[in-house]
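Participant: Hey, dropping upload_36.json in here, JSON, C-alpha atoms:
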[["chain", "number", "residue", "atom", "x", "y", "z"],
["Q", 11, "MET", "CA", 133.17, 137.69, 106.12],
["Q", 12, "ALA", "CA", 129.47, 137.37, 106.74],
["Q", 13, "GLY", "CA", 126.65, 135.11, 105.65],
["Q", 14, "VAL", "CA", 123.00, 134.45, 106.38],
["Q", 15, "THR", "CA", 121.79, 130.90, 106.90],
["Q", 16, "THR", "CA", 118.13, 129.96, 106.89],
["Q", 17, "LEU", "CA", 116.59, 126.65, 107.87],
["Q", 18, "SER", "CA", 113.80, 125.33, 105.66],
["Q", 19, "ALA", "CA", 110.44, 125.58, 107.41],
["Q", 20, "HIS", "CA", 109.53, 122.11, 106.14],
["Q", 21, "SER", "CA", 112.69, 120.02, 106.24],
["Q", 22, "GLY", "CA", 115.00, 122.00, 108.50],
["Q", 23, "GLN", "CA", 117.65, 121.89, 105.76],
["Q", 24, "PRO", "CA", 120.06, 124.84, 105.90],
["Q", 25, "GLU", "CA", 120.69, 127.22, 103.04],
["Q", 26, "THR", "CA", 122.93, 130.24, 102.64],
["Q", 27, "VAL", "CA", 120.70, 133.02, 101.33],
["Q", 28, "ALA", "CA", 123.31, 135.79, 101.36],
["Q", 29, "CYS", "CA", 127.04, 136.14, 101.86],
["Q", 30, "THR", "CA", 129.71, 138.77, 101.48],
["Q", 31, "ASP", "CA", 132.37, 136.46, 100.10],
["Q", 32, "GLU", "CA", 132.55, 133.09, 98.33],
["Q", 33, "ARG", "CA", 134.74, 131.84, 101.18],
["Q", 34, "ALA", "CA", 131.87, 132.49, 103.61],
["Q", 35, "LEU", "CA", 129.69, 130.31, 101.41],
["Q", 36, "ASP", "CA", 132.40, 127.61, 101.50],
["Q", 37, "VAL", "CA", 132.45, 127.73, 105.32],
["Q", 38, "ASP", "CA", 128.66, 127.43, 105.41],
["Q", 39, "ILE", "CA", 128.62, 124.51, 102.99],
["Q", 40, "ASP", "CA", 131.21, 122.70, 105.09],
["Q", 41, "GLN", "CA", 128.94, 123.12, 108.11],
["Q", 42, "TYR", "CA", 125.98, 121.76, 106.18],
["Q", 43, "ARG", "CA", 127.98, 118.73, 105.02],
["Q", 44, "ALA", "CA", 129.17, 117.99, 108.56],
["Q", 45, "ASP", "CA", 125.74, 118.85, 109.99],
["Q", 46, "GLU", "CA", 127.51, 120.80, 112.71],
["Q", 47, "GLY", "CA", 129.11, 124.17, 113.27],
["Q", 48, "PRO", "CA", 128.45, 127.62, 114.72],
["Q", 49, "CYS", "CA", 125.76, 128.80, 112.30],
["Q", 50, "LEU", "CA", 123.77, 125.57, 112.57],
["Q", 51, "GLU", "CA", 124.02, 125.54, 116.35],
["Q", 52, "SER", "CA", 122.93, 129.16, 116.54],
["Q", 53, "ALA", "CA", 119.98, 128.64, 114.18],
["Q", 54, "ARG", "CA", 118.86, 125.44, 115.88],
["Q", 55, "THR", "CA", 119.27, 126.53, 119.50],
["Q", 56, "ARG", "CA", 118.43, 130.20, 118.88],
["Q", 57, "GLN", "CA", 121.45, 131.15, 120.94],
["Q", 58, "VAL", "CA", 124.50, 133.27, 120.07],
["Q", 59, "VAL", "CA", 127.59, 131.18, 119.35],
["Q", 60, "ARG", "CA", 131.02, 132.80, 119.71],
["Q", 61, "VAL", "CA", 134.07, 130.59, 119.38],
["Q", 62, "ARG", "CA", 137.68, 130.58, 118.19],
["Q", 63, "VAL", "CA", 139.04, 127.93, 115.90],
["Q", 64, "GLU", "CA", 140.47, 125.87, 118.80],
["Q", 65, "GLY", "CA", 137.06, 125.73, 120.48],
["Q", 66, "ALA", "CA", 135.44, 124.88, 117.16],
["Q", 67, "ALA", "CA", 137.76, 121.89, 116.81],
["Q", 68, "LEU", "CA", 136.60, 120.58, 120.18],
["Q", 69, "ARG", "CA", 132.88, 121.25, 119.64],
["Q", 70, "TRP", "CA", 132.55, 120.31, 115.96],
["Q", 71, "PRO", "CA", 135.52, 118.15, 114.90],
["Q", 72, "ARG", "CA", 134.19, 117.22, 111.42],
["Q", 73, "PHE", "CA", 133.40, 120.82, 110.57],
["Q", 74, "ALA", "CA", 136.71, 122.09, 111.96],
["Q", 75, "SER", "CA", 138.73, 119.60, 109.92],
["Q", 76, "ASN", "CA", 136.79, 120.62, 106.77],
["Q", 77, "VAL", "CA", 137.63, 124.33, 107.17],
["Q", 78, "ALA", "CA", 141.13, 123.96, 108.65],
["Q", 79, "GLY", "CA", 142.87, 125.19, 105.51],
["Q", 80, "MET", "CA", 140.66, 128.24, 104.94],
["Q", 81, "GLY", "CA", 142.34, 130.45, 107.51],
["Q", 82, "VAL", "CA", 139.18, 131.23, 109.47],
["Q", 83, "ALA", "CA", 140.20, 131.71, 113.09],
["Q", 84, "SER", "CA", 136.99, 132.82, 114.79],
["Q", 85, "PHE", "CA", 133.24, 132.48, 114.43],
["Q", 86, "LEU", "CA", 130.28, 134.53, 115.66],
["Q", 87, "SER", "CA", 126.72, 133.49, 114.84],
["Q", 88, "ALA", "CA", 123.52, 135.09, 116.10],
["Q", 89, "PRO", "CA", 120.08, 133.56, 115.60],
["Q", 90, "LEU", "CA", 117.60, 135.17, 113.23],
["Q", 91, "SER", "CA", 114.00, 134.50, 114.12],
["Q", 92, "ILE", "CA", 111.22, 136.11, 112.14],
["Q", 93, "ASP", "CA", 108.54, 133.69, 113.37],
["Q", 94, "GLU", "CA", 108.28, 130.02, 114.34],
["Q", 95, "ARG", "CA", 108.62, 128.91, 110.71],
["Q", 96, "HIS", "CA", 111.41, 131.23, 109.60],
["Q", 97, "VAL", "CA", 114.64, 130.83, 111.51],
["Q", 98, "GLY", "CA", 118.30, 131.05, 110.70],
["Q", 99, "ALA", "CA", 121.51, 132.76, 111.72],
["Q", 100, "LEU", "CA", 123.64, 135.73, 110.81],
["Q", 101, "ASN", "CA", 127.23, 134.52, 110.72],
["Q", 102, "LEU", "CA", 130.53, 136.38, 110.98],
["Q", 103, "TYR", "CA", 133.84, 134.68, 110.19],
["Q", 104, "GLY", "CA", 137.14, 136.27, 111.20],
["Q", 105, "PHE", "CA", 140.66, 135.58, 109.94],
["Q", 106, "GLY", "CA", 142.58, 137.20, 112.77],
["Q", 107, "ASP", "CA", 143.47, 135.18, 115.86],
["Q", 108, "HIS", "CA", 142.07, 137.95, 118.09],
["Q", 109, "GLY", "CA", 138.59, 136.36, 118.01],
["Q", 110, "PHE", "CA", 135.30, 138.12, 118.47],
["Q", 111, "THR", "CA", 134.67, 139.94, 121.74],
["Q", 112, "GLU", "CA", 131.63, 140.26, 123.98],
["Q", 113, "ILE", "CA", 131.13, 143.73, 122.51],
["Q", 114, "ASP", "CA", 131.07, 142.21, 119.01],
["Q", 115, "GLU", "CA", 128.45, 139.75, 120.24],
["Q", 116, "VAL", "CA", 126.24, 142.52, 121.67],
["Q", 117, "LEU", "CA", 126.60, 144.63, 118.51],
["Q", 118, "LEU", "CA", 125.66, 141.67, 116.36],
["Q", 119, "GLN", "CA", 122.58, 141.01, 118.48],
["Q", 120, "VAL", "CA", 121.52, 144.66, 118.12],
["Q", 121, "PHE", "CA", 122.02, 144.43, 114.36],
["Q", 122, "VAL", "CA", 120.05, 141.16, 114.20],
["Q", 123, "ALA", "CA", 117.16, 142.72, 116.14],
["Q", 124, "ALA", "CA", 117.04, 145.56, 113.60],
["Q", 125, "VAL", "CA", 117.12, 143.09, 110.69],
["Q", 126, "GLU", "CA", 114.36, 140.97, 112.23],
["Q", 127, "GLY", "CA", 112.21, 144.06, 112.71],
["Q", 128, "ALA", "CA", 112.78, 145.22, 109.15],
["Q", 129, "VAL", "CA", 111.99, 141.79, 107.70],
["Q", 130, "TRP", "CA", 108.88, 141.46, 109.89],
["Q", 131, "ASN", "CA", 107.68, 144.92, 108.81],
["Q", 132, "ALA", "CA", 108.34, 144.16, 105.14],
["Q", 133, "ARG", "CA", 106.44, 140.87, 105.36],
["Q", 134, "ARG", "CA", 103.48, 142.53, 107.10],
["Q", 135, "ALA", "CA", 103.43, 145.31, 104.49],
["Q", 136, "GLU", "CA", 103.39, 142.68, 101.72],
["Q", 137, "GLN", "CA", 100.56, 140.82, 103.45],
["Q", 138, "TRP", "CA", 98.58, 144.05, 103.74],
["Q", 139, "ARG", "CA", 99.17, 144.87, 100.06],
["Q", 140, "SER", "CA", 98.02, 141.39, 99.14],
["Q", 141, "GLU", "CA", 94.90, 141.73, 101.29],
["Q", 142, "VAL", "CA", 94.06, 145.13, 99.79],
["Q", 143, "ASP", "CA", 94.56, 143.72, 96.27],
["Q", 144, "GLY", "CA", 92.30, 140.80, 97.17],
["Q", 145, "LEU", "CA", 89.63, 143.13, 98.52],
["Q", 146, "ARG", "CA", 89.80, 145.29, 95.40],
["Q", 147, "GLU", "CA", 89.41, 142.21, 93.22],
["Q", 148, "ALA", "CA", 86.56, 140.96, 95.38],
["Q", 149, "MET", "CA", 84.81, 144.31, 95.05],
["Q", 150, "LYS", "CA", 85.15, 144.16, 91.26],
["Q", 151, "THR", "CA", 83.88, 140.61, 91.03],
["Q", 152, "ARG", "CA", 81.12, 141.29, 93.55],
["Q", 153, "ALA", "CA", 79.74, 144.04, 91.33],
["Q", 154, "ALA", "CA", 79.65, 141.73, 88.30],
["Q", 155, "ILE", "CA", 78.03, 138.94, 90.33],
["Q", 156, "ASP", "CA", 75.40, 141.30, 91.73],
["Q", 157, "GLN", "CA", 74.63, 142.63, 88.23],
["Q", 158, "ALA", "CA", 74.32, 139.11, 86.83],
["Q", 159, "LYS", "CA", 72.06, 138.06, 89.70],
["Q", 160, "GLY", "CA", 69.83, 141.07, 89.08],
["Q", 161, "MET", "CA", 69.60, 140.32, 85.38],
["Q", 162, "LEU", "CA", 68.78, 136.65, 86.02],
["Q", 163, "MET", "CA", 66.14, 137.66, 88.58],
["Q", 164, "ALA", "CA", 64.47, 139.99, 86.09],
["Q", 165, "LEU", "CA", 64.80, 137.62, 83.14],
["Q", 166, "HIS", "CA", 63.54, 134.46, 84.89],
["Q", 167, "GLY", "CA", 61.39, 135.92, 87.66],
["Q", 168, "ILE", "CA", 63.44, 134.28, 90.44],
["Q", 169, "ASP", "CA", 64.67, 135.53, 93.80],
["Q", 170, "GLU", "CA", 68.25, 136.56, 94.62],
["Q", 171, "ASP", "CA", 69.23, 133.24, 96.25],
["Q", 172, "ARG", "CA", 67.99, 131.22, 93.28],
["Q", 173, "ALA", "CA", 69.81, 133.55, 90.85],
["Q", 174, "PHE", "CA", 73.05, 132.94, 92.72],
["Q", 175, "GLU", "CA", 72.42, 129.18, 92.70],
["Q", 176, "VAL", "CA", 72.00, 129.34, 88.91],
["Q", 177, "LEU", "CA", 75.36, 131.10, 88.60],
["Q", 178, "VAL", "CA", 77.08, 128.59, 90.89],
["Q", 179, "ASP", "CA", 75.57, 125.60, 89.06],
["Q", 180, "GLN", "CA", 76.69, 126.95, 85.68],
["Q", 181, "SER", "CA", 80.10, 127.78, 87.11],
["Q", 182, "GLN", "CA", 80.58, 124.21, 88.30],
["Q", 183, "GLN", "CA", 79.28, 122.67, 85.07],
["Q", 184, "ARG", "CA", 81.61, 124.76, 82.93],
["Q", 185, "ASN", "CA", 84.48, 124.72, 85.45],
["Q", 186, "VAL", "CA", 84.69, 128.52, 85.33],
["Q", 187, "ARG", "CA", 84.94, 130.93, 88.24],
["Q", 188, "VAL", "CA", 81.61, 132.47, 89.26],
["Q", 189, "ALA", "CA", 82.99, 135.97, 88.66],
["Q", 190, "MET", "CA", 83.99, 135.10, 85.08],
["Q", 191, "LEU", "CA", 80.60, 133.54, 84.40],
["Q", 192, "ALA", "CA", 78.85, 136.57, 85.89],
["Q", 193, "ALA", "CA", 80.84, 138.88, 83.62],
["Q", 194, "GLU", "CA", 79.81, 136.75, 80.63],
["Q", 195, "VAL", "CA", 76.15, 136.90, 81.67],
["Q", 196, "VAL", "CA", 76.28, 140.69, 82.04],
["Q", 197, "GLU", "CA", 78.03, 141.10, 78.71],
["Q", 198, "SER", "CA", 75.67, 138.78, 76.81],
["Q", 199, "LEU", "CA", 72.50, 140.30, 78.28],
["Q", 200, "THR", "CA", 73.58, 143.91, 77.73],
["Q", 201, "LYS", "CA", 74.25, 143.23, 74.02],
["Q", 202, "ARG", "CA", 70.62, 142.20, 73.41]]
In structure tokens, write the structure found in this file.

Facilitator:
Amino acid sequence: MAGVTTLSAHSGQPETVACTDERALDVDIDQYRADEGPCLESARTRQVVRVRVEGAALRWPRFASNVAGMGVASFLSAPLSIDERHVGALNLYGFGDHGFTEIDEVLLQVFVAAVEGAVWNARRAEQWRSEVDGLREAMKTRAAIDQAKGMLMALHGIDEDRAFEVLVDQSQQRNVRVAMLAAEVVESLTKR
């Protein structure tokens, strides 16, 4: 079974954000209740944790007693670290008494590195999309603000700075964004 644990950036509270099996979720929840276990240790220390059930009983007695009847015999957790605020662990739980090997540990670390890279790339792409959308919106609102300033300059015989001050003052008095007010000014003056 597998699961992904994340730690809240604000409180450090763990949460299972994905799992392959309800039993994996049960194992995670038992760790959270005991405030100990392989996934929490891996997420908190940012180290790989590989242990069999006997070792788990020695390291985390409350957790081990909670999951004793589930049949999980081995644990492998690798830290996930996207940035300083987003950490967690990818957790594997095995039922066989063979345990996880060093090769399993290395393979999991390779997989985690690929996941971290994909998440980082997806987050950066989303940030870029958001920035581009913001720039597009700013360009649209800038045009309306510039038009409104020009109209106010011509109508009242004032300079560009004073025209902008008029828009800002009206915006604050009416509690309306400057761009919305500018659009209203343009619309009302073009209908005359």

Participant: Give me the residues of range 76-191 of chain Q that have any atom at most 9 Å from an atom of range 42-56 of chain Q; for each, the nearest atom pair and the distance in Å, rounded to one decimal. Use all atoms listed in the file, sort by chain and number, and format it as CSV.

Facilitator:
residue,atom,partner,partner_atom,distance
Q:Asn76,CA,Q:Ala44,CA,8.3
Q:Phe85,CA,Q:Pro48,CA,6.8
Q:Leu86,CA,Q:Pro48,CA,7.2
Q:Ser87,CA,Q:Cys49,CA,5.4
Q:Ala88,CA,Q:Ser52,CA,6.0
Q:Pro89,CA,Q:Arg56,CA,5.0
Q:Leu90,CA,Q:Ala53,CA,7.0
Q:Ser91,CA,Q:Arg56,CA,7.8
Q:Val97,CA,Q:Ala53,CA,6.4
Q:Gly98,CA,Q:Ala53,CA,4.6
Q:Ala99,CA,Q:Ala53,CA,5.0
Q:Leu100,CA,Q:Cys49,CA,7.4
Q:Asn101,CA,Q:Cys49,CA,6.1

Participant: Just the selected residues (C-alpha atoms), exported as a JSON list (two decimals), in the frame of the given file, please.

Facilitator:
[["chain", "number", "residue", "atom", "x", "y", "z"],
["Q", 76, "ASN", "CA", 136.79, 120.62, 106.77],
["Q", 85, "PHE", "CA", 133.24, 132.48, 114.43],
["Q", 86, "LEU", "CA", 130.28, 134.53, 115.66],
["Q", 87, "SER", "CA", 126.72, 133.49, 114.84],
["Q", 88, "ALA", "CA", 123.52, 135.09, 116.10],
["Q", 89, "PRO", "CA", 120.08, 133.56, 115.60],
["Q", 90, "LEU", "CA", 117.60, 135.17, 113.23],
["Q", 91, "SER", "CA", 114.00, 134.50, 114.12],
["Q", 97, "VAL", "CA", 114.64, 130.83, 111.51],
["Q", 98, "GLY", "CA", 118.30, 131.05, 110.70],
["Q", 99, "ALA", "CA", 121.51, 132.76, 111.72],
["Q", 100, "LEU", "CA", 123.64, 135.73, 110.81],
["Q", 101, "ASN", "CA", 127.23, 134.52, 110.72]]

Participant: Pick out the residues sitting within 12 Å of range 143-156 of chain Q, and hand them over as a PyMOL selection string; count all atoms listed in the file, and ignore anything fewer than 5 positions along from it in its own chain.

Facilitator: chain Q and resi 136-138+161-163+170-171+173-178+181+187-197

Participant: Can those selected residues be exported to a file as a CSV table (one decimal), in the coordinates of the input so that it contains C-alpha atoms?

Facilitator:
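Result file is selection-v5.csv:
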chain,number,residue,atom,x,y,z
Q,136,GLU,CA,103.4,142.7,101.7
Q,137,GLN,CA,100.6,140.8,103.4
Q,138,TRP,CA,98.6,144.0,103.7
Q,161,MET,CA,69.6,140.3,85.4
Q,162,LEU,CA,68.8,136.6,86.0
Q,163,MET,CA,66.1,137.7,88.6
Q,170,GLU,CA,68.2,136.6,94.6
Q,171,ASP,CA,69.2,133.2,96.2
Q,173,ALA,CA,69.8,133.6,90.8
Q,174,PHE,CA,73.0,132.9,92.7
Q,175,GLU,CA,72.4,129.2,92.7
Q,176,VAL,CA,72.0,129.3,88.9
Q,177,LEU,CA,75.4,131.1,88.6
Q,178,VAL,CA,77.1,128.6,90.9
Q,181,SER,CA,80.1,127.8,87.1
Q,187,ARG,CA,84.9,130.9,88.2
Q,188,VAL,CA,81.6,132.5,89.3
Q,189,ALA,CA,83.0,136.0,88.7
Q,190,MET,CA,84.0,135.1,85.1
Q,191,LEU,CA,80.6,133.5,84.4
Q,192,ALA,CA,78.8,136.6,85.9
Q,193,ALA,CA,80.8,138.9,83.6
Q,194,GLU,CA,79.8,136.8,80.6
Q,195,VAL,CA,76.2,136.9,81.7
Q,196,VAL,CA,76.3,140.7,82.0
Q,197,GLU,CA,78.0,141.1,78.7

Participant: Using all atoms listed in the file for the distances, tell me which of Q:Val59, Q:Leu102, Q:Ala12, Q:Ile92 is nearest to Ala123 in chain Q.

Facilitator: Q:Ile92

Participant: Using only C-alpha atoms, list the residues that have an atom at most 6 Å from (128.2, 132.4, 104.4), coordinates as in the file, as a tab-separated table (two decimals) with C-alpha atoms, in the frame of the given file.

Facilitator:
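The resulting file, point-v2.tsv, is reproduced below:
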chain	number	residue	atom	x	y	z
Q	12	ALA	CA	129.47	137.37	106.74
Q	13	GLY	CA	126.65	135.11	105.65
Q	14	VAL	CA	123.00	134.45	106.38
Q	26	THR	CA	122.93	130.24	102.64
Q	29	CYS	CA	127.04	136.14	101.86
Q	34	ALA	CA	131.87	132.49	103.61
Q	35	LEU	CA	129.69	130.31	101.41
Q	38	ASP	CA	128.66	127.43	105.41

Participant: In Å to one decimal, how far is CA of Arg62 in chain Q from CA of Gln119 in chain Q?

Facilitator: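 Between CA of Gln119 in chain Q and CA of Arg62 in chain Q the gap works out to 18.4 Å.
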
Participant: Between CA of Gln157 in chain Q and CA of Ser198 in chain Q, what is the distance, to one decimal in Å?

Facilitator: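 It comes out at 12.1 Å.
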
Participant: Select, from Q:Glu141, Q:Glu112, Q:Asp179, Q:Asp93, the residue with the minimum atom-to-atom distance to Gly127 in chain Q, counting only C-alpha atoms.

Facilitator: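 Among Q:Glu141, Q:Glu112, Q:Asp179, Q:Asp93, it is Q:Asp93 that comes nearest to Gly127 in chain Q.
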